[in-house]
Amino acid sequence: MSPEEQLSLLTRGTAQILSEKELLKKLTRGEPLRAKLGVDPTSPDLHLGHSVVLEKLRQFQELGHQAVLIIGDFTAQIGDPTGRAKTRPPLTREEILENAKTYQEQAFCILDKEKTEIVFNGEWFNSMSFSEVIQLNAQVTMQQMLQREDFKNRIANDQEVRLHEIQYPIVQGYDSVKVRADVELGGTDQLFNILVGRDLQKSAGMEPQVVMCLPILEGLDGVQKMSKSLNNYVGITESPGEMFGKIMSISDDLMARYSILLLGEEIDAAEHPVEAKKKLAGKIVERYHSAEAAQQAISNWNNRGNLESVELPKFTPPTDRNDLLGIVQAAFASLEEPKSGSDVRRLIQQGSIQIDGEKVSDPKAEPTLESGQVLKLNKKRSVRIA
RNA sequence: GGGUAGGUUCCGGAGCGGUCAAACGGGGCAGACUGUAAAUCUGCUGGCUAUGCCUUCGAAGGUUCGAAUCCUUCCCUGCCCA
């Protein structure tokens, strides 16, 4: 493929590139580019938000370039302050390694494992001497670091900024020097960090990397960025039904955005929004599961009024409790979503619980449950009595 | 190091001896309405098999019949000065 064609493919869906000219120049050499993506294993599970940038990296692979995935075992210990109003709590070494493992497994749902170079940045940072650290720090100025929006905001709001946090961009930037990156990918919030990488590469006498920023995917709430801690995410390992249901709950505006960012397609404006959303949800399920799973999810969805035929998790009522409160609490626990008794009591009293479509709102009621009945817990969760 | 302002429930932020499980706002959850969307309205939002009990207001002690509120010591943060 010609450099120009590659350029047009690679720039598609990106938010910002610095600069296209440099990228074209690098492509024109005809040698595989080293495309860097640094990830910090701060959370074990990947979600659709991560997938945007991973998909782009895969595109590089498909064009014959070298994907370099940096697992930030070292940087995770610092904690990326990007977008944060507070200092991150540090993770233990064990947590980081554990997360790194599942992170890789999940990343290879998207990336081609055979064509991915994986490096841990602890490899070079753990053995760095203090004088090397000082030398590295000497290459940037305080003023540069304080240009960062989040630091500036925190300072303006009289909140603390700890010194290790200003090290983060420097450390991330040094990764680019170590892996000799030609291009670094990241979300738009990574712009600053990636630019630091360019500076450090220049100081090291290298040709600076091209910055490629991808849009940040909003979470299910449509406002904040998708993240596990905000609980507004769709995990890439979630079950087809779960995934489908979550995507169906997003707003129409968000649906348009997801379609472009995740599938690279526009929503058909002529179609009824619900139908369009089902298609979107189906395609996403298909990507992480299979076409059959997607079909099943759609048909489950369409049948949801029909209690007889929907596929639901099975639930065996507890033997030690026969009051509604105890039963419902056990049901939540069986879905691995334990709730406190008070929470469950509230749900019951507020009319969230239904048995075969009938609302039950007395926590002390002792319903007789029969096999096959559907116990609705809340909007998203129902179980079938085993 | 000196001065000064603070640390309250998920977040912001009131409360400054009893009426405090703690106002108000945000977020979240549930109900109504709908397209299991958005918007809107209503309710809930520490725990407990619960008209009561238990644990929370940076930590530990103390004063008091009674403390988030007063005292002592300690820990932590911001700002100004050096």
# chains A, B, ... in the order shown; residues from 1 in each chain; ligands from 1
$ interface_residues --of "chain A" --to "chain B" --cutoff "10 Å" --atoms "only C-alpha atoms (C1' of nucleotides)" --output "PyMOL selection string"
chain A and resi 155+157-160+245-246+248-255+272-275+277+301+304+321+323+325-326+340-343+346-353+363-364+378-380
$ residues_around --residues "region 3-11 of chain B" --least-positions-apart "2" --cutoff "9 Å" --atoms "only C-alpha atoms (C1' of nucleotides)" --output "ChimeraX atom specification"
/B:21-22,26-28,46,56-58,68,76-81
$ residues_around --residues "region 68-83 of chain A" --least-positions-apart "5" --cutoff "7 Å" --atoms "only C-alpha atoms (C1' of nucleotides)" --output "list in words"
Arg34, Ala35, Lys36, Leu37, Gly38, Val39, Asp40, Pro41, Thr42, Arg88, Pro90, Leu91, Ile96, Ala100, Thr116, Glu117, Ile118, Val119, Phe120, Asn121, Gly122, Phe125, Asp150, His164, Glu165, Tyr168 and Asp189 of chain A
$ residues_around --residues "Glu336 (chain A)" --least-positions-apart "4" --cutoff "12 Å" --atoms "only C-alpha atoms (C1' of nucleotides)" --output "list in words"
Pro313, Phe315, Gln329, Ala330, Ala331, Phe332 and Arg381 of chain A
$ atom_distance --atom1 "C1' of C75 (chain B)" --atom2 "CA of Leu146 (chain A)"
29.4 Å
$ residues_around --residues "G66 (chain B)" --least-positions-apart "3" --cutoff "12 Å" --atoms "only C-alpha atoms (C1' of nucleotides)" --output "PyMOL selection string"
chain B and resi 17-18+63
$ write_last_selection --atoms "N, CA and C atoms (P, O5', C5', C4', C3', O3' and C1' of nucleotides)" --output "PDB file, in the first residue's frame"
ATOM      1  P     G B  17     -22.466  25.738  70.195  1.00  0.00           P
ATOM      2  O5'   G B  17     -22.560  24.175  70.434  1.00  0.00           O
ATOM      3  C5'   G B  17     -22.842  23.767  71.637  1.00  0.00           C
ATOM      4  C4'   G B  17     -23.099  22.307  71.630  1.00  0.00           C
ATOM      5  C3'   G B  17     -24.552  22.032  71.958  1.00  0.00           C
ATOM      6  O3'   G B  17     -25.043  21.090  71.011  1.00  0.00           O
ATOM      7  C1'   G B  17     -23.045  20.895  73.443  1.00  0.00           C
ATOM      8  P     G B  18     -26.616  21.242  70.656  1.00  0.00           P
ATOM      9  O5'   G B  18     -26.623  19.720  70.236  1.00  0.00           O
ATOM     10  C5'   G B  18     -27.827  19.034  70.014  1.00  0.00           C
ATOM     11  C4'   G B  18     -28.046  17.984  71.087  1.00  0.00           C
ATOM     12  C3'   G B  18     -29.375  17.259  70.963  1.00  0.00           C
ATOM     13  O3'   G B  18     -29.072  15.977  70.498  1.00  0.00           O
ATOM     14  C1'   G B  18     -28.835  17.764  73.222  1.00  0.00           C
ATOM     15  P     U B  63     -12.746  12.663  82.428  1.00  0.00           P
ATOM     16  O5'   U B  63     -13.281  14.116  82.077  1.00  0.00           O
ATOM     17  C5'   U B  63     -12.774  15.261  82.760  1.00  0.00           C
ATOM     18  C4'   U B  63     -13.551  16.483  82.338  1.00  0.00           C
ATOM     19  C3'   U B  63     -15.063  16.376  82.487  1.00  0.00           C
ATOM     20  O3'   U B  63     -15.470  16.643  83.813  1.00  0.00           O
ATOM     21  C1'   U B  63     -14.550  17.265  80.363  1.00  0.00           C
TER      22        U B  63
END
$ atom_distance --atom1 "C1' of U73 (chain B)" --atom2 "C1' of A59 (chain B)"
10.4 Å
$ select_by_dssp --residues "region 85-135 of chain A" --states "strand (DSSP E or B)" --output "PDB file with all heavy atoms, in the first residue's frame"
ATOM      1  N   THR A 116       3.182  -8.493  18.140  1.00  0.00           N
ATOM      2  CA  THR A 116       3.268  -7.465  19.163  1.00  0.00           C
ATOM      3  C   THR A 116       4.522  -7.655  20.000  1.00  0.00           C
ATOM      4  O   THR A 116       4.813  -8.761  20.441  1.00  0.00           O
ATOM      5  CB  THR A 116       2.043  -7.526  20.099  1.00  0.00           C
ATOM      6  OG1 THR A 116       0.859  -7.451  19.305  1.00  0.00           O
ATOM      7  CG2 THR A 116       2.062  -6.374  21.083  1.00  0.00           C
ATOM      8  N   GLU A 117       5.250  -6.582  20.143  1.00  0.00           N
ATOM      9  CA  GLU A 117       6.425  -6.630  21.003  1.00  0.00           C
ATOM     10  C   GLU A 117       5.980  -6.111  22.365  1.00  0.00           C
ATOM     11  O   GLU A 117       5.471  -5.004  22.460  1.00  0.00           O
ATOM     12  CB  GLU A 117       7.498  -5.722  20.393  1.00  0.00           C
ATOM     13  CG  GLU A 117       8.781  -5.640  21.155  1.00  0.00           C
ATOM     14  CD  GLU A 117       9.773  -4.705  20.427  1.00  0.00           C
ATOM     15  OE1 GLU A 117       9.832  -4.716  19.169  1.00  0.00           O
ATOM     16  OE2 GLU A 117      10.456  -3.939  21.127  1.00  0.00           O
ATOM     17  N   ILE A 118       6.175  -6.917  23.384  1.00  0.00           N
ATOM     18  CA  ILE A 118       5.739  -6.490  24.723  1.00  0.00           C
ATOM     19  C   ILE A 118       6.944  -6.200  25.580  1.00  0.00           C
ATOM     20  O   ILE A 118       7.875  -6.997  25.638  1.00  0.00           O
ATOM     21  CB  ILE A 118       4.937  -7.600  25.417  1.00  0.00           C
ATOM     22  CG1 ILE A 118       3.674  -7.858  24.625  1.00  0.00           C
ATOM     23  CG2 ILE A 118       4.579  -7.194  26.842  1.00  0.00           C
ATOM     24  CD1 ILE A 118       2.742  -8.794  25.291  1.00  0.00           C
ATOM     25  N   VAL A 119       6.939  -5.051  26.204  1.00  0.00           N
ATOM     26  CA  VAL A 119       8.023  -4.745  27.134  1.00  0.00           C
ATOM     27  C   VAL A 119       7.442  -4.164  28.416  1.00  0.00           C
ATOM     28  O   VAL A 119       6.414  -3.494  28.395  1.00  0.00           O
ATOM     29  CB  VAL A 119       9.030  -3.738  26.546  1.00  0.00           C
ATOM     30  CG1 VAL A 119      10.031  -4.434  25.677  1.00  0.00           C
ATOM     31  CG2 VAL A 119       8.314  -2.635  25.796  1.00  0.00           C
ATOM     32  N   PHE A 120       8.106  -4.457  29.489  1.00  0.00           N
ATOM     33  CA  PHE A 120       7.745  -3.883  30.786  1.00  0.00           C
ATOM     34  C   PHE A 120       8.714  -2.741  31.045  1.00  0.00           C
ATOM     35  O   PHE A 120       9.915  -2.918  30.892  1.00  0.00           O
ATOM     36  CB  PHE A 120       7.886  -4.932  31.889  1.00  0.00           C
ATOM     37  CG  PHE A 120       6.780  -5.944  31.885  1.00  0.00           C
ATOM     38  CD1 PHE A 120       6.669  -6.857  30.849  1.00  0.00           C
ATOM     39  CD2 PHE A 120       5.853  -5.988  32.923  1.00  0.00           C
ATOM     40  CE1 PHE A 120       5.644  -7.793  30.839  1.00  0.00           C
ATOM     41  CE2 PHE A 120       4.830  -6.923  32.923  1.00  0.00           C
ATOM     42  CZ  PHE A 120       4.723  -7.827  31.879  1.00  0.00           C
TER      43      PHE A 120
END
$ select_by_dssp --residues "region 126-288 of chain A" --states "helix (DSSP H, G or I)" --output "ChimeraX atom specification"
/A:130-137,142-145,149-156,163-178,188-203,240-248,252-263,273-288
$ closest_residue --among "A:Glu4, A:Glu132, A:Glu337, A:Glu370" --to "Gly30 (chain A)" --atoms "only C-alpha atoms"
A:Glu4
$ residues_around --residues "region 206-211 of chain A" --least-positions-apart "4" --cutoff "12 Å" --atoms "only C-alpha atoms (C1' of nucleotides)" --output "number ranges by chain"
A: 11, 14-27, 33-37, 173-202
$ closest_residue --among "A:Pro215, A:Pro169, A:Gly64, A:Gly205" --to "Gly49 (chain A)" --atoms "only C-alpha atoms"
A:Pro215
